[in-house]
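**Q** Got a structure for you, questions after.
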Amino acid sequence: MSVRIEGFEGLSDRVESIGGENTITMSELFRPDFMQTYTDYDTIEAFFDESPWTVESQADFETIPQDEFDMYVDENTGFNSWEMMLKAAGREWISRQLNIS
């Protein structure tokens, strides 16, 4: 007995297109729908604007003490840490790129 599954014709191409390293903006990774679902803010920009830190560049972001930022994330999102929030957003980004739900 065999089973035929259809609909995967372009999946391999989509997987290949996102393989390796990708550079994406915070706004692309943390889209408004993600932010509205999992945080107290509508956008990633508002999330940073309301934080106690000035974040206008990658360098600014990298100066934030990890434990303090994790506490801010825990208090203002559905995640316990920045790493957890980043992983969730990454999974959603990959799903969008692969066109799967």
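To be explicit about the labels: the chains of the structure tokens are called A, B, and onward in the order shown, and within each one the residues are counted from 1, while ligands get numbers from 1 in the order they are shown.
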Skip Pro32 in chain A itself and residues of its chain fewer than 5 positions away, then list as number ranges by chain all residues within 9 Å of it, counting only C-alpha atoms.
**A** A: 27, 37, 41-44
**Q** Within 12 Å of Phe61 in chain A, counting only C-alpha atoms, which residues qualify if same-chain residues fewer than 6 places away don't, as a PyMOL selection string?
**A** chain A and resi 26+48+51-55+69+82
**Q** Identify which of the residues A:Ala46, A:Pro65, A:Phe34, A:Ile24 lies closest to Glu92 in chain A, counting only C-alpha atoms when measuring atom-to-atom distances.
**A**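 Under the stated criterion, the closest residue is A:Phe34.
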**Q** Env of Val73 in chain A: 9 Å cut, atoms = only C-alpha atoms, seq-sep filter 6 positions within chain, self excluded. Answer as a PyMOL selection string.
**A** chain A and resi 39+79-82+85
**Q** So what do you get for CA of Lys87 in chain A versus CA of Phe30 in chain A, distance-wise?
**A** 10.8 Å
**Q** Can you tell me how far CA of Asn76 in chain A sits from CA of Glu45 in chain A, in Å to one decimal?
**A**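 Between CA of Asn76 in chain A and CA of Glu45 in chain A the gap works out to 13.7 Å.
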**Q** Would you work out the distance separating CA of Gln36 in chain A from CA of Leu98 in chain A, expressed in Å to one decimal?
**A**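 Computed distance, CA of Gln36 in chain A to CA of Leu98 in chain A, equals 22.4 Å.
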